[in-house]
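Novice: This is upload_25.txt (compact mmCIF, C-alpha atoms).
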```
# COMPACT_ATOMS: atom_id res chain seq x y z
CA MET A 229 20.34 -20.05 -4.47
CA PRO A 230 19.61 -16.97 -2.30
CA GLN A 231 21.59 -16.56 0.89
CA LYS A 232 20.08 -15.05 4.05
CA ARG A 233 22.50 -12.84 5.97
CA ILE A 234 21.46 -13.72 9.51
CA GLY A 235 24.30 -11.71 11.07
CA LEU A 236 23.42 -8.46 9.33
CA SER A 237 19.75 -8.88 10.21
CA ARG A 238 20.64 -9.59 13.85
CA ALA A 239 22.93 -6.56 14.04
CA ARG A 240 20.13 -4.33 12.79
CA ARG A 241 17.70 -5.65 15.42
CA ASN A 242 20.32 -5.39 18.19
CA ALA A 243 20.76 -1.73 17.27
CA GLY A 244 17.01 -1.28 17.71
CA PHE A 245 16.07 -0.62 14.09
CA THR A 246 13.38 -2.02 11.82
CA GLN A 247 14.32 -2.34 8.16
CA GLU A 248 12.25 0.79 7.46
CA GLU A 249 14.00 2.82 10.16
CA LEU A 250 17.47 1.75 9.06
CA ALA A 251 16.61 2.57 5.45
CA TYR A 252 15.51 6.05 6.51
CA ARG A 253 18.79 6.65 8.39
CA LEU A 254 20.78 5.58 5.33
CA GLY A 255 18.68 7.43 2.75
CA VAL A 256 17.67 4.25 0.90
CA ASP A 257 14.35 2.42 0.65
CA ARG A 258 13.32 -0.55 2.78
CA SER A 259 13.51 -2.98 -0.14
CA THR A 260 17.22 -2.15 -0.45
CA VAL A 261 17.86 -3.15 3.17
CA GLY A 262 15.75 -6.25 2.58
CA ARG A 263 17.90 -7.22 -0.40
CA TRP A 264 21.06 -6.77 1.67
CA GLU A 265 19.72 -9.09 4.36
CA THR A 266 18.52 -11.71 1.90
CA GLY A 267 21.86 -11.73 0.11
CA THR A 268 20.51 -10.45 -3.22
CA THR A 269 22.79 -7.38 -3.19
CA GLU A 270 25.43 -5.81 -0.95
CA PRO A 271 25.70 -2.27 0.43
CA SER A 272 27.64 0.08 -1.82
CA ALA A 273 31.22 0.79 -0.75
CA TRP A 274 30.42 4.42 0.05
CA LEU A 275 27.50 3.38 2.28
CA ARG A 276 29.35 0.78 4.32
CA PRO A 277 31.10 3.16 6.76
CA LYS A 278 27.79 4.89 7.51
CA LEU A 279 26.00 1.55 7.91
CA ALA A 280 28.66 0.29 10.32
CA ARG A 281 28.49 3.53 12.31
CA ILE A 282 24.67 3.43 12.61
CA LEU A 283 24.75 -0.23 13.68
CA ARG A 284 27.54 0.59 16.16
CA LEU A 285 29.83 -2.09 14.73
CA ALA A 286 33.54 -2.34 15.40
CA PRO A 287 35.87 -1.77 12.41
CA GLY A 288 35.93 -4.77 10.11
CA THR A 289 32.85 -6.38 11.66
CA LEU A 290 30.49 -5.43 8.83
CA ALA A 291 32.52 -7.32 6.23
CA GLY A 292 32.24 -10.46 8.32
CA LEU A 293 28.47 -10.04 8.67
CA LEU A 294 28.11 -9.75 4.91
CA ASP A 295 29.91 -13.06 4.54
CA GLU A 296 27.81 -14.77 7.24
CA SER A 297 24.84 -16.31 5.42
CA VAL A 298 22.68 -19.40 5.24
CA ALA A 299 20.88 -20.88 2.25
CA LEU A 300 17.17 -20.27 1.73
CA PRO A 301 14.75 -22.34 -0.35
CA PRO A 302 14.96 -21.49 -4.09
CA ARG A 303 12.80 -18.58 -5.34
CA VAL A 304 11.36 -17.83 -1.92
CA ILE A 305 12.78 -14.33 -1.68
CA GLY A 306 14.73 -12.36 -4.21
CA SER A 307 13.07 -9.33 -5.78
CA ALA A 308 9.96 -7.22 -5.89
CA LYS A 309 8.62 -9.64 -8.51
CA PHE A 310 7.61 -12.08 -5.83
CA GLU A 311 5.52 -14.99 -7.07
CA LEU A 312 2.41 -15.71 -5.02
CA GLU A 313 2.73 -19.45 -5.52
CA ASP A 314 5.96 -19.30 -3.49
CA ILE A 315 4.02 -18.39 -0.34
CA ASP A 316 3.02 -21.99 0.44
CA ALA A 317 6.64 -23.07 0.25
CA LEU A 318 7.68 -20.17 2.44
CA VAL A 319 5.03 -20.93 5.06
CA ALA A 320 6.24 -24.55 5.08
CA ALA A 321 9.79 -23.33 5.55
CA ILE A 322 8.67 -21.19 8.49
CA GLY A 323 6.97 -24.19 10.06
CA ASP A 324 10.17 -26.22 9.68
CA SER A 325 12.40 -23.56 11.22
CA GLN A 326 14.39 -24.72 14.22
CA THR A 327 14.49 -21.34 15.98
CA SER A 328 11.78 -18.78 16.53
CA GLN A 329 14.20 -16.03 15.43
CA ASP A 330 14.62 -17.60 12.02
CA ALA A 331 10.86 -18.06 11.77
CA ILE A 332 10.23 -14.39 12.57
CA GLU A 333 12.78 -13.25 10.01
CA GLN A 334 11.29 -15.39 7.27
CA LEU A 335 7.80 -14.23 8.18
CA ASP A 336 8.97 -10.62 7.96
CA GLN A 337 10.44 -11.21 4.51
CA ALA A 338 7.27 -12.95 3.35
CA ALA A 339 5.07 -10.10 4.60
CA PHE A 340 7.29 -7.63 2.77
CA ALA A 341 7.20 -9.69 -0.42
CA LEU A 342 3.40 -9.94 -0.30
CA ALA A 343 3.14 -6.17 0.09
CA GLU A 344 5.29 -5.88 -3.03
CA SER A 345 2.85 -8.21 -4.82
CA HIS A 346 -0.21 -6.18 -3.78
CA THR A 347 -0.70 -4.52 -7.15
CA GLN A 348 0.31 -7.51 -9.25
CA ALA A 349 -2.50 -9.96 -8.49
CA PRO A 350 -6.25 -9.95 -7.73
CA ALA A 351 -7.15 -8.72 -4.25
CA ARG A 352 -8.75 -12.02 -3.16
CA GLN A 353 -5.66 -13.98 -4.11
CA VAL A 354 -3.32 -11.67 -2.22
CA LEU A 355 -5.66 -11.60 0.79
CA THR A 356 -5.68 -15.39 0.98
CA GLU A 357 -1.89 -15.39 1.22
CA VAL A 358 -1.81 -12.54 3.74
CA LEU A 359 -4.22 -14.44 5.98
CA LYS A 360 -2.02 -17.54 5.76
CA LEU A 361 0.91 -15.55 7.08
CA HIS A 362 -1.30 -13.93 9.72
CA GLU A 363 -2.26 -17.40 10.95
CA GLN A 364 1.41 -18.40 11.01
CA ALA A 365 2.18 -15.31 13.09
CA ARG A 366 -0.59 -16.25 15.50
CA ASN A 367 0.87 -19.73 15.83
CA LEU A 368 4.32 -18.34 16.58
CA LEU A 369 2.87 -16.10 19.28
CA ALA A 370 1.76 -19.23 21.13
CA PHE A 371 5.44 -20.02 21.85
CA HIS A 372 7.80 -18.36 24.29
CA GLN A 373 10.06 -15.67 22.84
CA ARG A 374 12.52 -13.17 24.22
CA LEU A 375 11.03 -9.69 24.59
CA SER A 376 12.90 -8.40 21.55
CA GLN A 377 11.59 -11.30 19.46
CA ARG A 378 8.01 -10.79 20.59
CA ARG A 379 8.17 -7.08 19.77
CA GLU A 380 9.53 -7.90 16.33
CA LEU A 381 6.77 -10.45 15.81
CA TYR A 382 4.18 -7.88 16.90
CA ARG A 383 5.60 -5.45 14.32
CA VAL A 384 5.34 -8.03 11.55
CA GLU A 385 1.82 -8.93 12.65
CA SER A 386 0.88 -5.24 12.54
CA CYS A 387 2.07 -5.03 8.93
CA LEU A 388 0.07 -8.13 7.98
CA LEU A 389 -3.08 -6.87 9.71
CA ALA A 390 -2.78 -3.47 8.02
CA HIS A 391 -2.34 -5.16 4.66
CA ALA A 392 -5.43 -7.30 5.32
CA CYS A 393 -7.33 -4.11 6.21
CA LEU A 394 -6.49 -2.65 2.80
CA LEU A 395 -7.55 -5.80 1.00
CA PHE A 396 -10.84 -6.30 2.84
CA GLY A 397 -11.62 -2.69 1.97
CA ASP A 398 -10.87 -3.38 -1.69
CA LEU A 399 -13.31 -6.29 -1.45
CA LYS A 400 -16.05 -4.00 -0.06
CA ASP A 401 -16.07 -5.35 3.48
CA ASN A 402 -15.36 -2.23 5.51
CA VAL A 403 -16.59 -3.74 8.79
CA ILE A 404 -13.99 -6.51 8.76
CA ALA A 405 -11.42 -4.14 7.27
CA GLU A 406 -11.79 -1.78 10.23
CA ARG A 407 -11.45 -4.68 12.67
CA TYR A 408 -8.14 -5.69 11.11
CA GLY A 409 -6.97 -2.08 10.93
CA GLN A 410 -7.65 -1.43 14.60
CA ALA A 411 -5.82 -4.63 15.49
CA ALA A 412 -2.88 -3.48 13.35
CA LEU A 413 -2.81 -0.23 15.32
CA ILE A 414 -2.73 -2.09 18.64
CA PHE A 415 0.11 -4.38 17.54
CA ALA A 416 2.10 -1.41 16.24
CA ARG A 417 1.78 0.34 19.60
CA GLU A 418 2.73 -2.77 21.54
CA SER A 419 5.80 -3.33 19.36
CA GLY A 420 6.92 0.29 19.52
CA ALA A 421 6.90 0.41 15.70
CA SER A 422 5.44 3.13 13.50
CA GLU A 423 1.64 3.31 13.39
CA ALA A 424 1.73 4.82 9.89
CA LEU A 425 0.73 1.69 7.95
CA ALA A 426 -2.19 0.93 10.26
CA ARG A 427 -3.37 4.52 10.13
CA THR A 428 -3.23 4.83 6.34
CA ALA A 429 -5.19 1.57 5.97
CA LEU A 430 -7.79 2.78 8.48
CA ALA A 431 -8.02 6.22 6.86
CA LYS A 432 -8.88 4.53 3.58
CA THR A 433 -11.44 2.24 5.21
CA LEU A 434 -13.13 5.11 7.05
CA ARG A 435 -13.23 7.24 3.88
CA TRP A 436 -15.05 4.57 1.88
CA ALA A 437 -17.39 3.98 4.83
CA ARG A 438 -18.21 7.72 4.49
CA ARG A 439 -16.90 8.40 8.01
CA LEU A 440 -15.04 11.40 6.69
CA ILE A 441 -14.26 13.27 9.91
CA GLU A 442 -12.72 10.11 11.38
CA SER A 443 -10.81 9.45 8.15
CA ALA A 444 -9.33 12.95 8.08
CA GLU A 445 -8.25 12.74 11.72
CA MET A 446 -6.81 9.24 11.32
CA ALA A 447 -4.72 10.48 8.38
CA ARG A 448 -3.66 13.68 10.17
CA LEU A 449 -2.41 11.78 13.22
CA GLY A 450 -0.68 9.26 10.97
CA PHE A 451 1.14 12.00 9.08
CA GLN A 452 2.44 13.49 12.34
CA ILE A 453 4.17 10.26 13.37
CA SER A 454 5.05 8.83 9.96
CA PRO A 455 8.69 8.20 8.97
CA GLN A 456 10.06 9.67 5.75
CA THR A 457 8.55 7.01 3.50
CA PRO A 458 5.92 7.17 0.73
CA VAL A 459 3.13 6.42 3.21
CA ARG A 460 3.76 9.87 4.72
CA VAL A 461 2.78 11.45 1.40
CA GLN A 462 -0.29 9.24 1.23
CA LEU A 463 -1.47 10.16 4.72
CA ALA A 464 -1.43 13.88 3.91
CA SER A 465 -3.28 13.18 0.66
CA GLN A 466 -5.86 11.11 2.52
CA GLU A 467 -6.52 13.98 4.91
CA ALA A 468 -6.90 16.31 1.91
CA ASN A 469 -9.35 13.97 0.22
CA ALA A 470 -11.53 13.50 3.31
CA ALA A 471 -11.49 17.25 4.01
CA ALA A 472 -12.53 18.01 0.43
CA LEU A 473 -15.43 15.56 0.66
CA LEU A 474 -16.46 17.31 3.89
CA GLY A 475 -16.47 20.63 2.04
CA ASP A 476 -13.49 22.03 3.97
CA ALA A 477 -11.56 23.47 1.02
CA ARG A 478 -9.00 25.27 3.16
CA ARG A 479 -7.99 22.15 5.10
CA ALA A 480 -7.93 20.13 1.88
CA SER A 481 -5.61 22.65 0.24
CA GLU A 482 -3.27 22.78 3.24
CA ALA A 483 -3.08 18.99 3.49
CA LEU A 484 -2.44 18.65 -0.23
CA LYS A 485 0.45 21.10 0.10
CA ARG A 486 1.89 19.00 2.95
CA SER A 487 1.62 15.99 0.69
CA ALA A 488 3.49 17.73 -2.12
CA ASP A 489 6.19 18.95 0.27
CA ALA A 490 6.61 15.47 1.75
CA ALA A 491 6.88 13.94 -1.72
CA GLU A 492 10.02 15.99 -2.34
CA SER A 493 11.86 14.57 0.67
CA VAL A 494 10.76 10.95 1.13
CA THR A 495 12.78 7.99 -0.08
CA GLY A 496 11.20 6.23 -3.05
CA ASP A 497 10.43 2.53 -3.33
CA SER A 498 9.41 0.02 -5.99
CA GLY A 499 6.18 1.89 -6.82
CA ALA A 500 4.24 -1.39 -6.78
CA SER A 501 3.91 -2.09 -3.06
CA ALA A 502 0.75 -1.88 -1.00
CA TRP A 503 2.51 1.03 0.73
CA SER A 504 3.87 2.78 -2.36
CA PHE A 505 2.56 6.21 -3.27
CA SER A 506 3.70 6.87 -6.80
CA THR A 507 2.98 9.89 -8.97
CA GLY A 508 -0.13 8.21 -10.34
CA ARG A 509 -1.56 7.66 -6.86
CA GLN A 510 -0.70 11.20 -5.79
CA ALA A 511 -2.52 12.41 -8.90
CA ILE A 512 -5.79 10.64 -8.11
CA PHE A 513 -6.00 12.40 -4.73
CA ALA A 514 -5.23 15.76 -6.34
CA LEU A 515 -7.86 14.98 -8.98
CA SER A 516 -10.44 14.12 -6.31
CA VAL A 517 -9.79 17.30 -4.33
CA ALA A 518 -10.05 19.40 -7.51
CA THR A 519 -13.31 17.69 -8.48
CA GLU A 520 -14.86 18.39 -5.08
CA ALA A 521 -13.73 22.00 -5.42
CA GLY A 522 -15.53 22.23 -8.77
CA ASP A 523 -12.28 22.77 -10.70
CA PRO A 524 -12.34 20.34 -13.66
CA ALA A 525 -9.31 21.99 -15.28
CA ALA A 526 -7.17 21.21 -12.22
CA ALA A 527 -8.57 17.68 -12.16
CA LEU A 528 -7.55 17.09 -15.78
CA ARG A 529 -4.10 18.53 -15.09
CA ALA A 530 -3.70 16.01 -12.28
CA ALA A 531 -4.71 13.19 -14.65
CA ALA A 532 -2.12 14.43 -17.15
CA VAL A 533 0.57 14.20 -14.45
CA ALA A 534 -0.34 10.54 -13.87
CA ASP A 535 -0.27 9.78 -17.59
CA ALA A 536 3.12 11.46 -17.95
CA GLY A 537 4.53 9.40 -15.09
CA TRP A 538 3.36 6.16 -16.66
CA ALA A 539 4.70 7.21 -20.05
CA ALA A 540 8.07 7.82 -18.39
CA GLY A 541 8.13 4.25 -17.07
CA GLU A 542 6.58 4.52 -13.60
CA PRO A 543 4.83 1.26 -12.65
CA MET A 544 1.16 1.39 -13.62
CA VAL A 545 -1.27 0.01 -11.06
CA THR A 546 -4.48 -1.17 -12.71
CA ALA A 547 -6.87 0.23 -10.11
CA ASN A 548 -5.02 3.56 -10.07
CA TRP A 549 -5.21 3.79 -13.87
CA ALA A 550 -8.94 3.03 -13.77
CA GLN A 551 -9.57 5.70 -11.13
CA ILE A 552 -7.68 8.27 -13.19
CA ARG A 553 -9.71 7.44 -16.29
CA VAL A 554 -13.05 7.58 -14.47
CA GLY A 555 -12.01 10.69 -12.54
CA SER A 556 -11.11 12.33 -15.85
CA GLY A 557 -14.53 11.32 -17.16
CA ILE A 558 -16.16 13.11 -14.22
CA ALA A 559 -14.06 16.22 -14.95
CA HIS A 560 -15.23 16.15 -18.57
CA ILE A 561 -18.86 15.94 -17.40
CA LEU A 562 -18.23 19.03 -15.25
CA ASN A 563 -16.85 20.70 -18.37
CA GLY A 564 -20.00 19.77 -20.30
CA SER A 565 -18.19 17.27 -22.52
CA LEU A 566 -20.04 13.95 -22.52
CA ASP A 567 -17.98 12.74 -25.48
CA GLY A 568 -14.80 13.34 -23.48
CA ALA A 569 -16.20 11.32 -20.58
CA VAL A 570 -17.19 8.43 -22.84
CA ALA A 571 -13.72 8.36 -24.41
CA GLU A 572 -12.02 8.25 -21.00
CA VAL A 573 -14.27 5.67 -19.36
CA THR A 574 -14.98 3.18 -22.16
CA PRO A 575 -11.55 1.42 -21.88
CA VAL A 576 -12.16 0.84 -18.16
CA LEU A 577 -15.37 -1.11 -18.84
CA THR A 578 -13.27 -4.07 -20.08
CA LEU A 579 -11.34 -4.36 -16.79
CA PRO A 580 -11.37 -8.00 -15.56
CA ALA A 581 -14.02 -8.57 -12.90
CA ASP A 582 -11.50 -9.59 -10.23
CA ARG A 583 -9.69 -6.24 -10.63
CA ARG A 584 -12.81 -4.13 -10.08
CA VAL A 585 -12.04 -3.28 -6.47
CA SER A 586 -14.18 -0.99 -4.35
CA THR A 587 -12.16 2.14 -5.08
CA VAL A 588 -12.83 1.66 -8.80
CA THR A 589 -16.53 0.82 -8.48
CA GLY A 590 -16.88 3.74 -6.06
CA TYR A 591 -15.63 6.10 -8.75
CA MET A 592 -17.99 4.47 -11.22
CA ASP A 593 -20.92 5.09 -8.85
CA ASN A 594 -19.93 8.75 -8.61
CA LEU A 595 -19.86 9.04 -12.39
CA ALA A 596 -23.22 7.29 -12.72
CA ARG A 597 -24.79 9.83 -10.34
CA ARG A 598 -23.47 12.69 -12.42
CA LEU A 599 -24.82 11.09 -15.60
CA ARG A 600 -28.30 11.34 -14.07
CA HIS A 601 -28.10 15.14 -14.09
CA PRO A 602 -31.25 16.72 -15.59
CA THR A 603 -29.22 18.25 -18.41
CA LEU A 604 -28.43 14.73 -19.65
CA ASN A 605 -32.00 13.41 -19.53
CA GLY A 606 -32.86 11.75 -22.82
CA ASN A 607 -29.24 11.66 -23.99
CA LYS A 608 -28.66 8.23 -25.54
CA ASN A 609 -24.90 8.27 -25.01
CA ALA A 610 -25.35 9.11 -21.32
CA ALA A 611 -27.93 6.35 -20.92
CA GLU A 612 -25.66 3.83 -22.65
CA LEU A 613 -22.71 4.75 -20.45
CA ARG A 614 -24.89 4.42 -17.32
CA ARG A 615 -25.93 0.93 -18.41
CA GLY A 616 -22.30 0.02 -18.96
CA ILE A 617 -21.43 1.24 -15.46
CA ILE A 618 -24.28 -0.71 -13.87
CA GLU A 619 -23.15 -3.90 -15.62
CA PHE A 620 -19.52 -3.19 -14.73
CA ASN A 621 -20.30 -2.87 -11.02
CA GLU A 622 -22.71 -5.80 -10.92
CA GLN A 623 -20.04 -8.12 -12.33
CA ALA A 624 -17.28 -6.81 -10.05
CA LEU A 625 -15.39 -9.14 -7.71
CA PRO A 626 -16.97 -12.55 -8.25
CA ASN A 627 -17.99 -14.09 -4.93
CA ILE A 628 -15.04 -16.30 -4.05
CA GLU A 629 -14.98 -17.15 -0.35
CA VAL A 630 -12.07 -15.93 1.73
CA THR A 631 -11.54 -17.51 5.14
CA VAL A 632 -11.13 -14.81 7.76
CA GLY A 633 -8.30 -15.43 10.21
CA ARG A 634 -8.70 -15.25 13.96
```
Represent the supplied structure as C-alpha cells.
Specialist:
Amino acid sequence: MPQKRIGLSRARRNAGFTQEELAYRLGVDRSTVGRWETGTTEPSAWLRPKLARILRLAPGTLAGLLDESVALPPRVIGSAKFELEDIDALVAAIGDSQTSQDAIEQLDQAAFALAESHTQAPARQVLTEVLKLHEQARNLLAFHQRLSQRRELYRVESCLLAHACLLFGDLKDNVIAERYGQAALIFARESGASEALARTALAKTLRWARRLIESAEMARLGFQISPQTPVRVQLASQEANAAALLGDARRASEALKRSADAAESVTGDSGASAWSFSTGRQAIFALSVATEAGDPAAALRAAAVADAGWAAGEPMVTANWAQIRVGSGIAHILNGSLDGAVAEVTPVLTLPADRRVSTVTGYMDNLARRLRHPTLNGNKNAAELRRGIIEFNEQALPNIEVTVGR
C-alpha cells in the first residue's frame, strides 16, 4: 500500500517551494518529487545532502521525514500510469479527510495524476474528472485555512483550471476554454505560483480562435516567467507558431530558436503529461512554421525528427502523431506529390472519433483547403481524400455532455 510522506511534503511547503520549484532546484522533474512525497521512491543518496540544504533542514532531519508516512487508499497514487477510475475513490478520500492540509495535498496529487493521464484517455473523460476535482477545490475554499494553505489551494486550483482550458479547447469550445484559462491566470497570481501553465493553455486557445497577435504575446510573456520545465519550450514554440501564421517570419524564426535553446536545458518529464513537450510535439510546431514559410523540405525534416523520437521509444501521443501525419501530407501537397499526401493521411482517417480533437480536425481542415487548389480540380484521388476528411471531421467528438463547473 502506498505511503504518503506528510513530513517531507510539509518541509517543502515550509521552505516556500512548490513541487515544480523544488524539482528545478534539484535538477529533477516534478514527478520525481511527487514520487518521493507519495512514498513510491526515495531520494538518491547523492541528492539527499542537497535536498536537506535547500529545505534548510538540520542534520539527520531528512532521514526522519522519509520515515514519517501515513497509508493512502490502494492504487490512488503511484505512477504516471494513473487510472481514471481511481479519481472517484480519491475524491471520496479527500471528502473524508480530517484536516484541510491533508485534503489539499491529496487534491494536489490528484491534479498531477490527471495531468499525467491527459494523453492516455479521451478528452471528454479526462475533462469530467478534472471538473470533479475543480468542484472539490471550490468546496475546500469555502472553509477557513491558514494563509499558506489557501495559497497552496489557489495554486492547485490554477493547475486544474489551466488543464480544463486545454481540454475545452480540444473539444472545440474556445469561449469556455478562455474563461477557464483566464481564471487559471488569476489563481496563479493570487497564489504567487508560476503563470506558465495558464499562459500556455491560453496561448493555445487564442491560436485556435485565430486571435494570433494575442496568442503570440501570451506565449512570449509566459516564456519570460516560465521555470526551466518543458512548458518553457512549448511557450517559445507557441509564439513561433502564432508569428508564422501572422506572416512574421523573423519573429517566428527567433522564437523557434529560443525554443530549441530552452529544450537543451530544461528538465525532462514523463512525456505523457498535459504539460509535457516531447520531441514529437516540438516537431509539429517546427513543421507548422516551415509550412507557413513555404518550406516543405524543412517541414518533412521536422516530421522525420518526430518519427525518429517515437522509434527510439519516446511516448507517442495520438493527437500529436495525427498532426504530424497530416502536416506531412500538407508538405507533400506543397511539393506537388498528392500520392505522398494520401499515404501520410490515410492511416489517420481511422482514428477513433473520441480522439479527433480540435487540433487534429484543424489540421484536416487546412489540408482540405489545399486539396481544393485549382491544380487538383478533377483529380479523383484529391476528391476522394477530401470526402474522407469531411467524413472524418463530421464524426469527430461525439456529443457527450460535460457539466461545466462553477
Novice: Which residues are close to segment 565-579 of chain A, i.e. within 7 Å by all atoms listed in the file, leaving aside same-chain residues fewer than 3 positions away? Reply as an MDAnalysis selection string.
Specialist: chainID A and resid 550 553:554 556:558 560:561 583:584 620
Novice: Residues within 6 Å of segment 413-417 of chain A, please, as a count of residues only. Count all atoms listed in the file; anything in the same chain fewer than 2 positions from it doesn't count.
Specialist: 10
Novice: How many Å separate atom CA of Asp497 of chain A from atom CA of Ala341 of chain A?
Specialist: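 It comes out at 13.0 Å.
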Novice: Separation of atom CA of Leu562 of chain A and atom CA of Ala521 of chain A, in Å?
Specialist: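 Pair atom CA of Leu562 of chain A / atom CA of Ala521 of chain A returns 11.2 Å.
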Novice: Please compute the atom CA of Gln353 of chain A-atom CA of Glu542 of chain A distance, one decimal, in Å.
Specialist: 24.1 Å
Novice: Tell me which residues come within 10 Å of (-12.8, 15.6, 2.3), as a list of chain:residue names, counting all atoms listed in the file in the file's coordinates.
Specialist: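 The answer, in the requested form, is A:Arg435, A:Arg438, A:Leu440, A:Ile441, A:Ser443, A:Ala444, A:Ser465, A:Gln466, A:Glu467, A:Ala468, A:Asn469, A:Ala470, A:Ala471, A:Ala472, A:Leu473, A:Leu474, A:Gly475, A:Asp476, A:Ala477, A:Arg479, A:Ala480, A:Ser516, A:Val517, A:Glu520.
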Novice: In terms of the shortest atom-to-atom distance over only C-alpha atoms, which of A:Ile552, A:Leu293, A:Leu342, A:Ala536 is closest to His391 of chain A?
Specialist: A:Leu342
Novice: Around the point (-4.6, 19.9, -6.7), in the coordinates given by the file, pick out the residues reaching within 8 Å, counting all atoms listed in the file, and return them as a ChimeraX atom specification.
Specialist: /A:481,484,513-515,517-518,526-527,530
Novice: Of the candidates A:Arg597, A:Leu254, A:Phe371, A:Ala291, which one gets nearest to Glu270 of chain A if we count all atoms listed in the file?
Specialist: A:Ala291
Novice: Just the residues within 10 Å of Leu285 of chain A, please, counting all atoms listed in the file, with nothing from its chain fewer than 6 positions along; format it as a ChimeraX atom specification.
Specialist: /A:239,243,277,279
Novice: Generate the output file for the selected residues, C-alpha atoms, as a short mmCIF file (atom, residue, chain, number, x, y, z; two decimals), in the coordinates of the input.
Specialist:
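That gives us part.cif:
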```
data_model
loop_
_atom_site.label_atom_id
_atom_site.label_comp_id
_atom_site.auth_asym_id
_atom_site.auth_seq_id
_atom_site.Cartn_x
_atom_site.Cartn_y
_atom_site.Cartn_z
CA ALA A 239 22.93 -6.56 14.04
CA ALA A 243 20.76 -1.73 17.27
CA PRO A 277 31.10 3.16 6.76
CA LEU A 279 26.00 1.55 7.91
#
```
Novice: Select from segment 436-549 of chain A every residue with an atom at most 12 Å from any atom of segment 393-398 of chain A, then for each give the shortest pair of atoms and their distance in Å to one decimal, using all atoms listed in the file, rows by chain and rising number, as a tab-separated table.
Specialist:
```
residue	atom	partner	partner_atom	distance
A:Trp436	CA	A:Gly397	CA	8.0
A:Ala437	CA	A:Gly397	CA	9.3
A:Ser501	CA	A:Leu394	CA	12.0
A:Ala502	CA	A:Leu394	CA	8.2
A:Trp503	CA	A:Leu394	CA	9.9
A:Ala547	CA	A:Asp398	CA	10.0
```
Novice: Which one is closest to Trp549 of chain A: A:Glu380, A:Asp401, A:Asp336, A:Asp535? Count all atoms listed in the file.
Specialist: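 Closest candidate: A:Asp535.
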Novice: Hey, what's within 9 Å of Ala624 of chain A if we count only C-alpha atoms and toss same-chain stuff fewer than 6 positions away? As a VMD selection string, please?
Specialist: chain A and resid 580 to 586 589
